[in-house]
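Reviewing the structure listed below.
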Amino acid sequence: MADGPRTAGPAAPLLIACALGIEQFALRRGRGRAGAAPGPVTVLRTGMGPRAAEAAVARALGEDRAPGTAVLASGFCAGLLPGMHPGDLVVADETREAGDSTVCTGPGLLAEALARAVPGRAVHTGPLTGSDHVVRGHERAGLRATGAIAVDMESAATLRAALRSGPRPVAAVRVVVDAPEHELVRIGTVRGGISAFRVLRAVLPAFYEWHRSLLLPRR
């Protein structure tokens, strides 16, 4: 489900992809507080898991008549680093899945913009790895050993599908809801992650700043 039809405009659109209804709700709530976007913005709920994300993004971009749409995967994630807390932010410099990796566009700019948009929250930058299930216990330690700093189920698939549909800027920003010392008992516990929800609701100004930077003329 998307946020209504895209409108024609001089700026390339921004597609923000998330998996869960609560993630989409947080991002939509944030739109009223984020100020003006530099171009058309769609918040797409893909459904949970890599297959659902890949299919939904492919459909959305296949219907898109504006080539070059920027794609940003967002929502919640599981942190892998000791000391991470719910509400921490993760900016991917690359996404990984099944031996493949996708390099993200402008992670440093995104991290700086997020630090301004959500002051007081830790912002971690590094590899974001993909999984087809909720990661717990020893699996978390195994993924951390690969150098990944966080894991989620949709970001890698989202970015892979986006680039398969044509060259475009891609990025992934996730909010930690599950960390080594704060492990979820079940996925439904996400609804109780008030801290993570509030942070996700506040990130859109940073997304818009990142998107705006992509539209500036290159010297």
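In the structure tokens, chains take the letters A, B, ... in the order shown, each chain's residues start at 1, and ligands count up from 1 in the order shown.
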Using DSSP on the backbone coordinates, identify all residues within range 4-187 of chain A classified as alpha helix (DSSP H); present the result as a count of residues only. 54
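When only C-alpha atoms are used to compute distances to Gln24 in chain A, the closest of the residues A:Arg140, A:Ser213, A:Met153, A:Arg201 turns out to be A:Arg201.
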May I have the residues within 9 Å of Arg45 in chain A as a PyMOL selection string, using only C-alpha atoms and disregarding those fewer than 4 positions away in the same chain? chain A and resi 1-2+16-21+23-24+53+56
Same residues, N, CA, C and O atoms, output as a PDB file, in the first residue's frame:
ATOM      1  N   MET A   1       0.848  -1.199   0.000  1.00  0.00           N
ATOM      2  CA  MET A   1       0.000   0.000   0.000  1.00  0.00           C
ATOM      3  C   MET A   1       0.870   1.231   0.000  1.00  0.00           C
ATOM      4  O   MET A   1       1.795   1.366   0.786  1.00  0.00           O
ATOM      5  N   ALA A   2       0.640   2.187  -0.894  1.00  0.00           N
ATOM      6  CA  ALA A   2       1.470   3.373  -1.014  1.00  0.00           C
ATOM      7  C   ALA A   2       0.696   4.587  -0.540  1.00  0.00           C
ATOM      8  O   ALA A   2      -0.509   4.549  -0.363  1.00  0.00           O
ATOM      9  N   ILE A  16      10.275   5.279  -0.076  1.00  0.00           N
ATOM     10  CA  ILE A  16      10.696   4.756   1.220  1.00  0.00           C
ATOM     11  C   ILE A  16       9.962   3.445   1.432  1.00  0.00           C
ATOM     12  O   ILE A  16       8.731   3.412   1.483  1.00  0.00           O
ATOM     13  N   ALA A  17      10.715   2.350   1.538  1.00  0.00           N
ATOM     14  CA  ALA A  17      10.118   1.017   1.655  1.00  0.00           C
ATOM     15  C   ALA A  17      10.274   0.497   3.073  1.00  0.00           C
ATOM     16  O   ALA A  17      11.365   0.545   3.654  1.00  0.00           O
ATOM     17  N   CYS A  18       9.184  -0.001   3.634  1.00  0.00           N
ATOM     18  CA  CYS A  18       9.208  -0.615   4.960  1.00  0.00           C
ATOM     19  C   CYS A  18       8.327  -1.853   4.915  1.00  0.00           C
ATOM     20  O   CYS A  18       7.497  -2.002   4.020  1.00  0.00           O
ATOM     21  N   ALA A  19       8.478  -2.734   5.895  1.00  0.00           N
ATOM     22  CA  ALA A  19       7.779  -4.016   5.851  1.00  0.00           C
ATOM     23  C   ALA A  19       6.462  -4.027   6.603  1.00  0.00           C
ATOM     24  O   ALA A  19       5.472  -4.578   6.133  1.00  0.00           O
ATOM     25  N   LEU A  20       6.465  -3.427   7.796  1.00  0.00           N
ATOM     26  CA  LEU A  20       5.356  -3.593   8.731  1.00  0.00           C
ATOM     27  C   LEU A  20       4.415  -2.403   8.749  1.00  0.00           C
ATOM     28  O   LEU A  20       4.833  -1.269   8.493  1.00  0.00           O
ATOM     29  N   GLY A  21       3.170  -2.659   9.103  1.00  0.00           N
ATOM     30  CA  GLY A  21       2.194  -1.581   9.222  1.00  0.00           C
ATOM     31  C   GLY A  21       2.599  -0.549  10.252  1.00  0.00           C
ATOM     32  O   GLY A  21       2.405   0.656  10.047  1.00  0.00           O
ATOM     33  N   GLU A  23       5.605   0.331  11.077  1.00  0.00           N
ATOM     34  CA  GLU A  23       6.683   1.140  10.504  1.00  0.00           C
ATOM     35  C   GLU A  23       6.107   2.183   9.546  1.00  0.00           C
ATOM     36  O   GLU A  23       6.494   3.360   9.577  1.00  0.00           O
ATOM     37  N   GLN A  24       5.197   1.758   8.701  1.00  0.00           N
ATOM     38  CA  GLN A  24       4.557   2.690   7.774  1.00  0.00           C
ATOM     39  C   GLN A  24       3.793   3.764   8.543  1.00  0.00           C
ATOM     40  O   GLN A  24       3.829   4.946   8.177  1.00  0.00           O
ATOM     41  N   ALA A  53       9.492  -8.120   0.027  1.00  0.00           N
ATOM     42  CA  ALA A  53      10.100  -6.816  -0.232  1.00  0.00           C
ATOM     43  C   ALA A  53      10.551  -6.699  -1.677  1.00  0.00           C
ATOM     44  O   ALA A  53      10.292  -5.689  -2.348  1.00  0.00           O
ATOM     45  N   ALA A  56       7.454  -6.378  -4.020  1.00  0.00           N
ATOM     46  CA  ALA A  56       6.739  -5.105  -3.894  1.00  0.00           C
ATOM     47  C   ALA A  56       7.525  -3.954  -4.504  1.00  0.00           C
ATOM     48  O   ALA A  56       6.949  -3.097  -5.188  1.00  0.00           O
TER      49      ALA A  56
END
If you count only C-alpha atoms, which residues fall within 7 Å of range 85-102 of chain A, apart from same-chain ones fewer than 6 positions away, as an MDAnalysis selection string? chainID A and resid 111 121:130 155:156 160 171:179 195:196 199
Which residue gives the smallest distance to Leu109 in chain A among A:Leu15, A:Leu214, A:Val151, A:Val71, with only C-alpha atoms counted?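 Answer, going by the shortest atom-to-atom distance: A:Leu214.
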What lies within 8 Å of Gly68 in chain A using only C-alpha atoms, ignoring chain neighbours under 2 positions off, as a count of residues only? 8
Within 10 Å of Leu81 in chain A, counting only C-alpha atoms, which residues qualify if same-chain residues fewer than 5 places away don't, as a list in words?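 After dropping sequence-adjacent residues, the list is His124, Arg140, Ala141, Arg144, Gly147, Ala148, Ile149, Ala150, Ala179, Pro180 and Glu181 of chain A.
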Write out, as a tab-separated table (two decimals), in the first residue's frame, the residues just selected, with N, CA and C atoms.
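Okay, this is what ended up in result_10.tsv:
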chain	number	residue	atom	x	y	z
A	124	HIS	N	24.94	4.52	14.24
A	124	HIS	CA	25.97	3.55	13.89
A	124	HIS	C	26.00	3.39	12.36
A	140	ARG	N	23.13	-14.30	16.26
A	140	ARG	CA	23.52	-12.90	16.36
A	140	ARG	C	25.05	-12.78	16.43
A	141	ALA	N	25.68	-13.62	17.27
A	141	ALA	CA	27.14	-13.58	17.42
A	141	ALA	C	27.81	-13.98	16.10
A	144	ARG	N	27.64	-11.04	13.74
A	144	ARG	CA	28.56	-9.99	14.19
A	144	ARG	C	29.99	-10.31	13.79
A	147	GLY	N	31.36	-8.93	10.59
A	147	GLY	CA	31.56	-7.48	10.49
A	147	GLY	C	30.28	-6.70	10.39
A	148	ALA	N	29.13	-7.38	10.29
A	148	ALA	CA	27.84	-6.68	10.23
A	148	ALA	C	27.53	-6.05	11.58
A	149	ILE	N	26.83	-4.91	11.54
A	149	ILE	CA	26.48	-4.24	12.79
A	149	ILE	C	24.99	-4.40	13.13
A	150	ALA	N	24.20	-4.84	12.16
A	150	ALA	CA	22.76	-5.02	12.38
A	150	ALA	C	22.21	-5.96	11.33
A	179	ALA	N	18.35	-5.77	20.53
A	179	ALA	CA	19.80	-5.70	20.65
A	179	ALA	C	20.29	-6.84	21.54
A	180	PRO	N	21.61	-7.11	21.56
A	180	PRO	CA	22.10	-8.24	22.35
A	180	PRO	C	21.62	-8.27	23.79
A	181	GLU	N	21.55	-7.11	24.43
A	181	GLU	CA	21.08	-7.07	25.82
A	181	GLU	C	19.58	-6.78	25.94
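Note that the spacing between CA of Phe207 in chain A and CA of Leu143 in chain A amounts to 27.3 Å.
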Shortest interatomic distance to Gly49 in chain A - which of A:Leu14, A:Leu27, A:Ala157, A:Ile194, counting only C-alpha atoms: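 Answer, going by the shortest atom-to-atom distance: A:Ala157.
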From CA of Gly137 in chain A to CA of Cys104 in chain A the spacing works out at 28.0 Å
